[in-house]
file coords28.txt (compact mmCIF, C-alpha atoms and all ligand atoms)
# COMPACT_ATOMS: atom_id res chain seq x y z
CA MET A 11 -9.80 4.51 -20.10
CA LYS A 12 -6.96 3.50 -17.84
CA GLN A 13 -4.95 0.39 -17.37
CA ASN A 14 -6.12 -0.16 -13.80
CA GLU A 15 -9.72 0.14 -14.93
CA ILE A 16 -9.12 -2.71 -17.37
CA MET A 17 -7.38 -4.74 -14.66
CA LYS A 18 -10.37 -4.24 -12.42
CA TYR A 19 -12.66 -5.80 -15.02
CA LEU A 20 -10.26 -8.65 -15.58
CA TYR A 21 -10.56 -9.48 -11.89
CA ASP A 22 -13.95 -10.91 -12.81
CA VAL A 23 -12.39 -13.61 -14.96
CA GLN A 24 -11.92 -16.65 -12.80
CA HIS A 25 -9.79 -19.60 -13.73
CA PRO A 26 -12.03 -22.66 -13.41
CA ALA A 27 -9.11 -24.97 -12.67
CA LYS A 28 -7.66 -22.81 -9.90
CA GLY A 29 -10.41 -22.43 -7.37
CA ASP A 30 -11.94 -19.02 -7.54
CA ARG A 31 -8.70 -17.24 -8.35
CA ASN A 32 -8.82 -14.75 -11.17
CA ILE A 33 -6.46 -14.21 -14.07
CA VAL A 34 -5.00 -11.00 -12.63
CA GLU A 35 -4.15 -12.58 -9.34
CA LEU A 36 -2.69 -15.60 -11.11
CA GLY A 37 -0.30 -13.31 -12.95
CA MET A 38 -1.71 -14.24 -16.35
CA VAL A 39 -2.24 -10.71 -17.59
CA ASP A 40 0.95 -10.07 -19.50
CA LYS A 41 0.12 -6.82 -21.23
CA VAL A 42 -2.70 -4.30 -21.56
CA GLU A 43 -2.57 -1.90 -24.48
CA ILE A 44 -5.03 0.91 -24.88
CA ASP A 45 -5.45 2.91 -28.04
CA GLY A 46 -8.57 5.06 -28.11
CA ASN A 47 -11.44 2.62 -27.73
CA ARG A 48 -9.30 -0.36 -28.73
CA VAL A 49 -8.06 -2.52 -25.89
CA THR A 50 -5.64 -5.37 -26.48
CA VAL A 51 -4.98 -7.70 -23.59
CA THR A 52 -2.29 -10.37 -23.77
CA LEU A 53 -2.75 -13.37 -21.52
CA ALA A 54 0.23 -15.56 -20.64
CA PHE A 55 -0.21 -19.33 -20.47
CA PRO A 56 2.34 -21.73 -19.07
CA LYS A 57 2.08 -24.16 -21.97
CA HIS A 58 1.11 -24.41 -25.63
CA ARG A 59 -2.46 -25.35 -26.39
CA ASP A 60 -3.64 -24.81 -22.87
CA PRO A 61 -7.05 -26.48 -22.82
CA LEU A 62 -8.58 -23.47 -21.07
CA ALA A 63 -7.05 -20.81 -23.30
CA GLU A 64 -10.12 -20.44 -25.46
CA TYR A 65 -12.45 -20.30 -22.50
CA LEU A 66 -10.35 -17.69 -20.68
CA THR A 67 -9.79 -15.41 -23.67
CA GLY A 68 -13.52 -15.56 -24.34
CA SER A 69 -14.34 -14.68 -20.73
CA ALA A 70 -11.82 -11.84 -20.71
CA LYS A 71 -13.31 -10.39 -23.87
CA ALA A 72 -16.80 -10.70 -22.46
CA ALA A 73 -15.75 -8.96 -19.24
CA LEU A 74 -14.42 -5.97 -21.18
CA ILE A 75 -17.39 -5.71 -23.52
CA ARG A 76 -19.80 -5.95 -20.63
CA HIS A 77 -18.18 -3.08 -18.74
CA ILE A 78 -16.96 -0.71 -21.44
CA PRO A 79 -19.61 0.41 -23.89
CA GLY A 80 -18.32 0.59 -27.48
CA VAL A 81 -14.99 -1.05 -26.73
CA GLU A 82 -13.14 -2.98 -29.39
CA ALA A 83 -11.51 -5.72 -27.38
CA GLU A 84 -8.90 -8.15 -28.59
CA ILE A 85 -7.40 -10.86 -26.41
CA LYS A 86 -4.06 -12.32 -27.47
CA THR A 87 -2.17 -15.16 -25.89
CA VAL A 88 1.48 -15.81 -25.31
CA VAL A 89 3.32 -18.81 -23.85
CA LYS A 90 5.61 -18.04 -20.96
CA GLU A 91 6.94 -21.15 -19.46
CA ASP A 92 8.60 -19.93 -16.37
CA ASN A 93 6.42 -16.95 -15.88
CA SER A 94 4.81 -16.10 -12.60
CA PRO A 95 2.38 -19.02 -12.36
CA LYS A 96 5.16 -20.81 -10.52
CA GLN A 97 5.38 -17.96 -8.06
CA THR A 98 1.66 -17.55 -7.78
CA GLY A 99 1.51 -21.20 -6.85
CA LEU A 100 2.59 -19.97 -3.41
CA ASN A 101 -0.85 -20.70 -2.17
CA LEU A 102 -0.58 -18.46 0.82
CA GLY A 103 -3.38 -18.32 3.32
CA THR A 104 -4.16 -15.70 5.90
CA GLU A 105 -3.39 -17.85 8.98
CA GLU A 106 -0.56 -15.57 10.10
CA LEU A 107 -3.06 -12.71 10.27
CA GLU A 108 -5.51 -14.55 12.45
CA ASN A 109 -4.47 -12.78 15.64
CA VAL A 110 -4.26 -9.35 14.05
CA ARG A 111 -7.23 -7.20 14.99
CA TYR A 112 -7.06 -4.46 12.36
CA ILE A 113 -5.08 -4.21 9.14
CA VAL A 114 -4.89 -0.66 7.88
CA GLY A 115 -3.32 0.51 4.63
CA ILE A 116 -1.44 3.81 4.62
CA ALA A 117 -1.90 5.20 1.13
CA SER A 118 -1.20 8.32 -0.86
CA GLY A 119 -2.05 9.34 -4.37
CA LYS A 120 1.47 10.59 -4.95
CA GLY A 121 4.99 9.75 -3.80
CA GLY A 122 7.03 12.05 -1.61
CA VAL A 123 4.14 13.38 0.46
CA GLY A 124 5.41 11.73 3.63
CA LYS A 125 3.43 8.48 3.56
CA SER A 126 6.26 6.44 5.04
CA THR A 127 7.08 9.12 7.59
CA VAL A 128 3.48 9.07 8.74
CA ALA A 129 3.27 5.26 8.68
CA VAL A 130 6.44 4.76 10.72
CA ASN A 131 5.61 7.48 13.23
CA LEU A 132 2.02 6.36 13.61
CA ALA A 133 3.29 2.85 14.33
CA VAL A 134 5.74 4.10 16.95
CA ALA A 135 3.15 6.43 18.50
CA LEU A 136 0.60 3.59 18.77
CA ALA A 137 3.23 1.41 20.43
CA ARG A 138 3.99 4.22 22.88
CA LEU A 139 0.29 4.35 23.72
CA GLY A 140 0.47 0.68 24.64
CA TYR A 141 -0.92 -1.01 21.52
CA LYS A 142 0.66 -4.00 19.83
CA VAL A 143 1.72 -2.83 16.40
CA GLY A 144 3.33 -4.14 13.25
CA LEU A 145 4.23 -2.35 10.05
CA ALA A 146 4.70 -3.96 6.65
CA ASP A 147 6.50 -1.73 4.19
CA ALA A 148 4.94 -2.73 0.89
CA ASP A 149 6.30 0.14 -1.18
CA VAL A 150 8.03 -1.79 -3.95
CA TYR A 151 9.01 1.45 -5.64
CA GLY A 152 10.87 2.85 -2.67
CA PRO A 153 10.91 0.91 0.58
CA SER A 154 12.05 3.41 3.19
CA VAL A 155 11.16 1.73 6.46
CA PRO A 156 14.62 0.12 6.93
CA LYS A 157 16.31 3.52 6.82
CA MET A 158 13.65 5.33 8.83
CA THR A 159 13.90 2.79 11.63
CA GLY A 160 17.65 2.17 11.44
CA THR A 161 17.12 -1.49 10.52
CA GLU A 162 18.91 -1.50 7.15
CA ASP A 163 21.10 -4.39 8.22
CA ALA A 164 18.25 -6.58 9.41
CA ILE A 165 18.17 -10.00 7.83
CA PRO A 166 14.84 -11.47 8.79
CA GLU A 167 14.98 -14.96 10.16
CA ALA A 168 13.03 -17.54 8.18
CA TYR A 169 12.27 -21.10 9.10
CA ARG A 170 10.00 -23.98 8.26
CA ASP A 171 6.98 -24.68 10.36
CA GLY A 172 5.41 -27.89 9.12
CA ASP A 173 4.90 -27.45 5.39
CA LYS A 174 5.14 -23.72 5.63
CA GLU A 175 7.97 -21.23 5.44
CA VAL A 176 7.58 -18.42 7.97
CA ILE A 177 9.49 -15.16 8.33
CA MET A 178 10.05 -13.39 11.62
CA PRO A 179 9.46 -9.62 11.76
CA PHE A 180 12.17 -7.41 13.20
CA GLU A 181 11.37 -5.74 16.53
CA LYS A 182 12.52 -2.28 17.44
CA TYR A 183 10.91 0.67 19.28
CA GLY A 184 8.14 -1.69 20.37
CA VAL A 185 7.00 -2.29 16.78
CA LYS A 186 7.32 -5.36 14.57
CA TRP A 187 8.77 -4.25 11.24
CA MET A 188 8.86 -6.00 7.90
CA SER A 189 9.99 -4.45 4.65
CA ILE A 190 10.38 -5.45 1.06
CA GLY A 191 13.68 -3.59 1.47
CA TYR A 192 15.05 -6.40 3.68
CA PHE A 193 14.88 -8.71 0.69
CA ALA A 194 15.79 -6.53 -2.28
CA LYS A 195 18.25 -3.82 -3.01
CA PRO A 196 16.59 -0.49 -3.79
CA GLU A 197 17.48 -0.72 -7.49
CA GLN A 198 15.99 -4.21 -7.66
CA ALA A 199 12.75 -3.10 -6.09
CA LEU A 200 12.33 -0.54 -8.84
CA ILE A 201 12.27 -3.03 -11.65
CA TRP A 202 9.60 -5.17 -10.06
CA ARG A 203 6.39 -4.85 -11.94
CA GLY A 204 2.97 -6.34 -12.00
CA PRO A 205 2.57 -9.91 -10.83
CA MET A 206 6.10 -10.25 -9.50
CA ALA A 207 5.74 -7.26 -7.23
CA CYS A 208 2.29 -8.42 -6.13
CA ASN A 209 3.57 -11.84 -5.18
CA ALA A 210 6.56 -10.55 -3.28
CA LEU A 211 4.28 -8.24 -1.35
CA LYS A 212 1.71 -10.83 -0.48
CA GLN A 213 4.46 -13.16 0.64
CA MET A 214 5.95 -10.43 2.76
CA ILE A 215 2.66 -9.92 4.55
CA LEU A 216 1.15 -13.40 4.62
CA GLN A 217 4.25 -15.41 5.49
CA VAL A 218 5.29 -13.25 8.40
CA ARG A 219 4.69 -14.52 11.90
CA TRP A 220 3.07 -11.34 13.19
CA GLY A 221 1.66 -12.95 16.31
CA GLU A 222 -0.89 -11.01 18.28
CA LEU A 223 -1.34 -7.44 17.09
CA ASP A 224 -3.88 -4.69 17.61
CA PHE A 225 -2.82 -2.99 14.39
CA LEU A 226 -0.91 -4.02 11.34
CA LEU A 227 -0.17 -0.95 9.23
CA ILE A 228 0.76 -1.40 5.58
CA ASP A 229 2.86 1.29 3.91
CA MET A 230 1.39 0.93 0.43
CA PRO A 231 3.09 1.98 -2.81
CA PRO A 232 2.03 5.46 -3.97
CA GLY A 233 -0.73 5.68 -6.54
CA THR A 234 -3.73 3.58 -7.42
CA GLY A 235 -2.48 0.87 -9.77
CA ASP A 236 -2.94 -2.86 -10.11
CA ILE A 237 -0.61 -3.58 -7.18
CA HIS A 238 -3.08 -1.76 -4.95
CA LEU A 239 -6.04 -3.62 -6.29
CA SER A 240 -4.26 -6.89 -5.79
CA LEU A 241 -3.14 -6.02 -2.25
CA VAL A 242 -6.55 -4.85 -1.18
CA HIS A 243 -8.08 -7.92 -2.77
CA ASP A 244 -5.86 -10.45 -1.02
CA ILE A 245 -5.14 -8.88 2.34
CA PRO A 246 -8.13 -8.54 4.64
CA MET A 247 -7.77 -4.81 5.30
CA SER A 248 -10.15 -3.03 7.63
CA GLY A 249 -9.60 0.36 6.07
CA ALA A 250 -7.13 2.94 4.86
CA VAL A 251 -5.51 6.15 5.98
CA ILE A 252 -4.69 8.61 3.22
CA VAL A 253 -1.72 10.95 3.46
CA SER A 254 -1.44 14.16 1.46
CA THR A 255 0.22 17.53 1.47
CA PRO A 256 -2.04 20.59 1.20
CA GLN A 257 -0.82 21.28 -2.33
CA ALA A 258 -3.43 21.12 -5.09
CA VAL A 259 -1.54 18.56 -7.20
CA ALA A 260 -1.21 16.17 -4.27
CA LEU A 261 -4.85 16.67 -3.40
CA ALA A 262 -5.97 15.91 -6.94
CA ASP A 263 -4.35 12.51 -6.51
CA VAL A 264 -6.05 12.05 -3.15
CA GLU A 265 -9.35 12.10 -5.00
CA LYS A 266 -8.17 9.10 -7.01
CA GLY A 267 -7.13 7.33 -3.82
CA VAL A 268 -10.51 8.02 -2.23
CA SER A 269 -12.38 6.72 -5.25
CA MET A 270 -10.19 3.64 -5.35
CA PHE A 271 -11.07 2.64 -1.80
CA ARG A 272 -14.72 3.57 -2.30
CA ASN A 273 -14.94 1.65 -5.55
CA GLU A 274 -17.67 -0.99 -5.29
CA LYS A 275 -15.19 -3.85 -5.75
CA ILE A 276 -12.85 -2.66 -3.02
CA ASN A 277 -15.23 -0.84 -0.76
CA LYS A 278 -12.99 -0.27 2.26
CA PRO A 279 -13.69 2.48 4.76
CA ILE A 280 -11.34 5.44 4.81
CA VAL A 281 -10.24 5.90 8.40
CA GLY A 282 -9.15 9.44 7.73
CA LEU A 283 -6.81 11.86 6.04
CA VAL A 284 -3.48 13.08 7.38
CA GLU A 285 -2.36 16.45 6.13
CA ASN A 286 1.41 16.30 6.16
CA MET A 287 3.66 19.31 5.63
CA ALA A 288 0.66 21.39 6.66
CA TRP A 289 2.90 24.36 7.49
CA PHE A 290 6.57 25.04 8.00
CA THR A 291 7.90 25.96 11.41
CA PRO A 292 11.59 26.89 11.66
CA ALA A 293 13.37 25.58 14.74
CA GLU A 294 14.35 29.08 15.85
CA LEU A 295 10.79 30.43 15.52
CA PRO A 296 8.71 27.64 17.05
CA ASP A 297 5.53 29.76 17.16
CA HIS A 298 5.59 30.68 13.48
CA ARG A 299 3.66 28.89 10.79
CA TYR A 300 4.41 29.40 7.12
CA TYR A 301 1.87 27.82 4.81
CA ILE A 302 4.23 27.07 1.97
CA PHE A 303 2.02 24.48 0.28
CA GLY A 304 -1.17 26.46 0.89
CA LYS A 305 -3.36 26.59 3.94
CA ASP A 306 -5.82 23.89 4.99
CA GLY A 307 -5.95 22.08 1.64
CA GLY A 308 -6.32 18.82 3.56
CA VAL A 309 -9.04 20.20 5.82
CA LYS A 310 -11.09 21.24 2.77
CA MET A 311 -10.49 17.95 1.01
CA ALA A 312 -11.59 16.01 4.10
CA GLU A 313 -14.77 18.08 4.26
CA LYS A 314 -15.50 17.65 0.59
CA TYR A 315 -15.35 13.86 0.81
CA GLY A 316 -16.78 13.48 4.29
CA ILE A 317 -13.56 11.97 5.62
CA SER A 318 -12.21 12.78 9.06
CA LEU A 319 -9.01 14.73 9.33
CA LEU A 320 -6.81 12.68 11.64
CA GLY A 321 -4.12 15.27 12.01
CA GLN A 322 -1.99 18.04 10.57
CA ILE A 323 1.75 17.47 10.72
CA PRO A 324 4.06 20.45 10.21
CA ILE A 325 7.26 20.43 8.17
CA VAL A 326 10.03 20.64 10.67
CA GLN A 327 13.63 19.81 10.13
CA SER A 328 13.63 17.37 13.06
CA ILE A 329 11.10 15.09 11.33
CA ARG A 330 13.32 14.77 8.29
CA GLU A 331 16.45 14.32 10.40
CA SER A 332 14.94 11.73 12.66
CA GLY A 333 13.79 9.84 9.56
CA ASP A 334 17.29 9.91 8.14
CA ASP A 335 18.80 8.87 11.45
CA GLY A 336 16.50 5.92 11.94
CA GLU A 337 14.99 7.33 15.13
CA PRO A 338 11.39 8.22 14.41
CA ALA A 339 10.22 11.65 15.64
CA ALA A 340 7.32 10.00 17.50
CA LEU A 341 9.84 8.75 20.08
CA SER A 342 10.59 12.29 21.19
CA SER A 343 8.68 14.68 23.42
CA ARG A 344 9.32 17.59 21.03
CA PRO A 345 6.24 19.22 19.45
CA ASP A 346 6.64 17.03 16.36
CA GLY A 347 6.64 13.92 18.55
CA VAL A 348 3.49 15.15 20.27
CA ALA A 349 1.83 15.78 16.89
CA PHE A 350 2.23 12.09 16.06
CA ILE A 351 0.90 10.97 19.45
CA GLU A 352 -2.20 13.13 18.87
CA LEU A 353 -2.52 11.63 15.41
CA ALA A 354 -2.42 8.15 16.95
CA GLU A 355 -5.11 9.09 19.48
CA ASN A 356 -7.41 10.36 16.73
CA PHE A 357 -6.71 7.24 14.72
CA ILE A 358 -7.73 5.03 17.66
CA SER A 359 -10.95 6.87 18.22
CA ARG A 360 -11.84 6.67 14.53
CA MET A 361 -11.02 2.96 14.42
CA GLN A 362 -13.54 2.42 17.21
CA ASP A 363 -16.28 3.92 15.00
CA LEU A 364 -15.51 1.79 11.96
N1 LIG B 401 6.50 16.62 8.15
C1 LIG B 401 7.72 16.52 7.63
N2 LIG B 401 8.70 17.40 7.97
C2 LIG B 401 9.94 17.31 7.42
N3 LIG B 401 10.31 16.40 6.53
C3 LIG B 401 9.38 15.50 6.15
C4 LIG B 401 8.04 15.51 6.68
N4 LIG B 401 7.37 14.48 6.11
C5 LIG B 401 8.22 13.86 5.28
N5 LIG B 401 9.42 14.47 5.29
C6 LIG B 401 10.61 14.10 4.51
O1 LIG B 401 10.23 14.10 3.14
C7 LIG B 401 10.82 13.01 2.46
C8 LIG B 401 9.75 12.14 1.83
O2 LIG B 401 8.97 11.55 2.85
P1 LIG B 401 8.51 10.02 2.79
O3 LIG B 401 7.83 9.71 4.08
O4 LIG B 401 9.63 9.14 2.39
O5 LIG B 401 7.44 10.13 1.62
P2 LIG B 401 6.66 8.99 0.79
O6 LIG B 401 6.69 7.74 1.59
O7 LIG B 401 5.28 9.55 0.63
O8 LIG B 401 7.37 8.89 -0.51
C9 LIG B 401 11.67 12.26 3.49
O9 LIG B 401 12.99 12.72 3.40
C10 LIG B 401 11.07 12.70 4.83
O10 LIG B 401 12.04 12.70 5.86
MG MG B 402 7.59 5.90 1.13

call {"tool": "encode", "arguments": {"input": "coords28.txt", "output": "structure tokens", "more": "lines below"}}
Ligand SMILES: Nc1ncnc2c1ncn2[C@@H]1O[C@H](COP(=O)(O)OP(=O)(O)O)[C@@H](O)[C@H]1O
Ligand SMILES: [Mg+2]
result
Amino acid sequence: MKQNEIMKYLYDVQHPAKGDRNIVELGMVDKVEIDGNRVTVTLAFPKHRDPLAEYLTGSAKAALIRHIPGVEAEIKTVVKEDNSPKQTGLNLGTEELENVRYIVGIASGKGGVGKSTVAVNLAVALARLGYKVGLADADVYGPSVPKMTGTEDAIPEAYRDGDKEVIMPFEKYGVKWMSIGYFAKPEQALIWRGPMACNALKQMILQVRWGELDFLLIDMPPGTGDIHLSLVHDIPMSGAVIVSTPQAVALADVEKGVSMFRNEKINKPIVGLVENMAWFTPAELPDHRYYIFGKDGGVKMAEKYGISLLGQIPIVQSIRESGDDGEPAALSSRPDGVAFIELAENFISRMQDL
């Protein structure tokens, strides 16, 4: 039994006084403890003797018992006055996404596999092919889009439009960029957890004046936790691209990613898999391929799950350097730049079949 499994069941518990919003999304789940078949969930209420406390703890308990045979569920309550309910009162709608044709999450089971590299380069490659593209860097654990695009110093402009606060994305290389990194220092981002991270992310996507876009890519945090469930729940995504290296450990996590998106509650199509670091090619031996993480792991994984393989990206020093220099490889006409353009073309043709 895992924490995110419990969260998933708690999504069913709706707060009768807050429309159809559930207790997870409202930031009321303070703690989930699992010990064998005992599950203790602590719900946070903004005030003492909340009139709905009894109803909600009862519903939460029922949700767990209904889904987990033999569970011993206990629901505790705690009062947290200035907890997230204030922040969740943001009441954000999806108006800013109205002129966005497709929203696609870029996900990976594991960090460090090149998810952001693929997201940034796919965005740039799509823009080079003439599409209108935006990228929201939602990786609270390590936002890397500012560095990879050389926009570390960007301070997004925000203004009021009627009763709404809107944020302008930052444009560079023909792409509209937005990153959680523009608002928080890297060490701050790391300590964000649970509801706080979820709210910051939603705000960063829903309050941004994206304008008209063919594609809005979302660089999601690695893994398959409650932040993912919340993002996928609140942002109308069309599907997801999964990034992995061919290594067995990374691929094992891909399976979790695939089952997350195919889970009946989420049920989003997987656009395809990108095998990153598929082989190593040294600059001085451009025709050589060294399969340092194993050969075709991604190809086999794609076959096993019936997912299309959108592309294989080699490890080349220029991809890492261009990431560090803030000039994405997809801008170049080197072989690595071409690999990303081909990836973008495959992505487009798959999107047309969705
Ligand atoms: N194909 C590649 N060739 C060379 N370096 C790469 C490649 N893909 C990613 N990297 C480098 O590996 C590191 C991790 O990549 P990143 O995209 O930040 O991963 P993630 O977002 O999955 O954590 C970065 O330094 C990046 O420049
Ligand atoms: Mg990243």

call {"tool": "closest_residue", "arguments": {"input": "coords28.txt", "among": "A:Ala27, A:Met188, A:Ala148, A:Leu139", "to": "Thr161 (chain A)", "atoms": "all atoms listed in the file"}}
result
A:Met188

call {"tool": "residues_near_ligand", "arguments": {"input": "coords28.txt", "ligand": "ligand MG 402 (chain B)", "cutoff": "10 Å", "atoms": "all atoms listed in the file", "output": "number ranges by chain"}}
result
A: 116-118, 120-130, 147-155, 158, 229-232

call {"tool": "write_last_selection", "arguments": {"input": "coords28.txt", "atoms": "C-alpha atoms", "output": "PDB file, keeping the file's coordinate frame"}}
result
ATOM      1  CA  ILE A 116      -1.440   3.810   4.620  1.00  0.00           C
ATOM      2  CA  ALA A 117      -1.900   5.200   1.130  1.00  0.00           C
ATOM      3  CA  SER A 118      -1.200   8.320  -0.860  1.00  0.00           C
ATOM      4  CA  LYS A 120       1.470  10.590  -4.950  1.00  0.00           C
ATOM      5  CA  GLY A 121       4.990   9.750  -3.800  1.00  0.00           C
ATOM      6  CA  GLY A 122       7.030  12.050  -1.610  1.00  0.00           C
ATOM      7  CA  VAL A 123       4.140  13.380   0.460  1.00  0.00           C
ATOM      8  CA  GLY A 124       5.410  11.730   3.630  1.00  0.00           C
ATOM      9  CA  LYS A 125       3.430   8.480   3.560  1.00  0.00           C
ATOM     10  CA  SER A 126       6.260   6.440   5.040  1.00  0.00           C
ATOM     11  CA  THR A 127       7.080   9.120   7.590  1.00  0.00           C
ATOM     12  CA  VAL A 128       3.480   9.070   8.740  1.00  0.00           C
ATOM     13  CA  ALA A 129       3.270   5.260   8.680  1.00  0.00           C
ATOM     14  CA  VAL A 130       6.440   4.760  10.720  1.00  0.00           C
ATOM     15  CA  ASP A 147       6.500  -1.730   4.190  1.00  0.00           C
ATOM     16  CA  ALA A 148       4.940  -2.730   0.890  1.00  0.00           C
ATOM     17  CA  ASP A 149       6.300   0.140  -1.180  1.00  0.00           C
ATOM     18  CA  VAL A 150       8.030  -1.790  -3.950  1.00  0.00           C
ATOM     19  CA  TYR A 151       9.010   1.450  -5.640  1.00  0.00           C
ATOM     20  CA  GLY A 152      10.870   2.850  -2.670  1.00  0.00           C
ATOM     21  CA  PRO A 153      10.910   0.910   0.580  1.00  0.00           C
ATOM     22  CA  SER A 154      12.050   3.410   3.190  1.00  0.00           C
ATOM     23  CA  VAL A 155      11.160   1.730   6.460  1.00  0.00           C
ATOM     24  CA  MET A 158      13.650   5.330   8.830  1.00  0.00           C
ATOM     25  CA  ASP A 229       2.860   1.290   3.910  1.00  0.00           C
ATOM     26  CA  MET A 230       1.390   0.930   0.430  1.00  0.00           C
ATOM     27  CA  PRO A 231       3.090   1.980  -2.810  1.00  0.00           C
ATOM     28  CA  PRO A 232       2.030   5.460  -3.970  1.00  0.00           C
TER      29      PRO A 232
END

call {"tool": "closest_residue", "arguments": {"input": "coords28.txt", "among": "A:Lys305, A:His77, A:Lys157, A:Lys212", "to": "ligand LIG 401 (chain B)", "atoms": "only C-alpha atoms and all ligand atoms"}}
result
A:Lys157

call {"tool": "residues_around", "arguments": {"input": "coords28.txt", "residues": "Ala72 (chain A)", "least_positions_apart": "6", "cutoff": "12 Å", "atoms": "all atoms listed in the file", "output": "JSON, numbers by chain"}}
result
{"A": [19, 20, 22, 23, 65, 66, 78, 79, 81, 82, 83, 84, 85]}

call {"tool": "closest_residue", "arguments": {"input": "coords28.txt", "among": "A:Val348, A:Gly80, A:Asp236, A:Pro26", "to": "Pro61 (chain A)", "atoms": "all atoms listed in the file"}}
result
A:Pro26

call {"tool": "residues_around", "arguments": {"input": "coords28.txt", "residues": "Pro166 (chain A)", "least_positions_apart": "4", "cutoff": "7 Å", "atoms": "only C-alpha atoms", "output": "NGL selection string"}}
result
:A and (177-180)

call {"tool": "axis_aligned_box", "arguments": {"input": "coords28.txt", "around": "ligand LIG 401 (chain B)", "padding_each_side": "4 Å", "output": "JSON"}}
result
{"center_x": 9.1, "center_y": 12.6, "center_z": 3.8, "size_x": 15.7, "size_y": 17.7, "size_z": 16.7}

call {"tool": "closest_residue", "arguments": {"input": "coords28.txt", "among": "A:Asn273, A:Thr52, A:Gln327, A:Ser240", "to": "ligand LIG 401 (chain B)", "atoms": "all atoms listed in the file"}}
result
A:Gln327

call {"tool": "closest_residue", "arguments": {"input": "coords28.txt", "among": "A:Glu15, A:Glu294, A:Glu313, A:Glu162", "to": "Gly191 (chain A)", "atoms": "all atoms listed in the file"}}
result
A:Glu162

call {"tool": "residues_around", "arguments": {"input": "coords28.txt", "residues": "Leu132 (chain A)", "least_positions_apart": "2", "cutoff": "10 Å", "atoms": "all atoms listed in the file", "output": "list in words"}}
result
Ile116, Ser126, Thr127, Val128, Ala129, Val130, Val134, Ala135, Leu136, Ala137, Arg138, Val143, Leu145, Leu227, Pro338, Ala339, Ala340, Ala349, Phe350, Ile351, Glu352, Leu353, Ala354, Glu355 and Phe357 of chain A

call {"tool": "closest_residue", "arguments": {"input": "coords28.txt", "among": "A:Val39, A:Ala293, A:Val110, A:Val88", "to": "ligand LIG 401 (chain B)", "atoms": "all atoms listed in the file"}}
result
A:Ala293

call {"tool": "atom_distance", "arguments": {"input": "coords28.txt", "atom1": "CA of Arg299 (chain A)", "atom2": "CA of Val264 (chain A)"}}
result
23.9 Å

call {"tool": "atom_distance", "arguments": {"input": "coords28.txt", "atom1": "CA of Gly160 (chain A)", "atom2": "CA of Ser332 (chain A)"}}
result
10.0 Å

call {"tool": "atom_distance", "arguments": {"input": "coords28.txt", "atom1": "atom N4 of ligand LIG 401 (chain B)", "atom2": "CA of Trp289 (chain A)"}}
result
10.9 Å
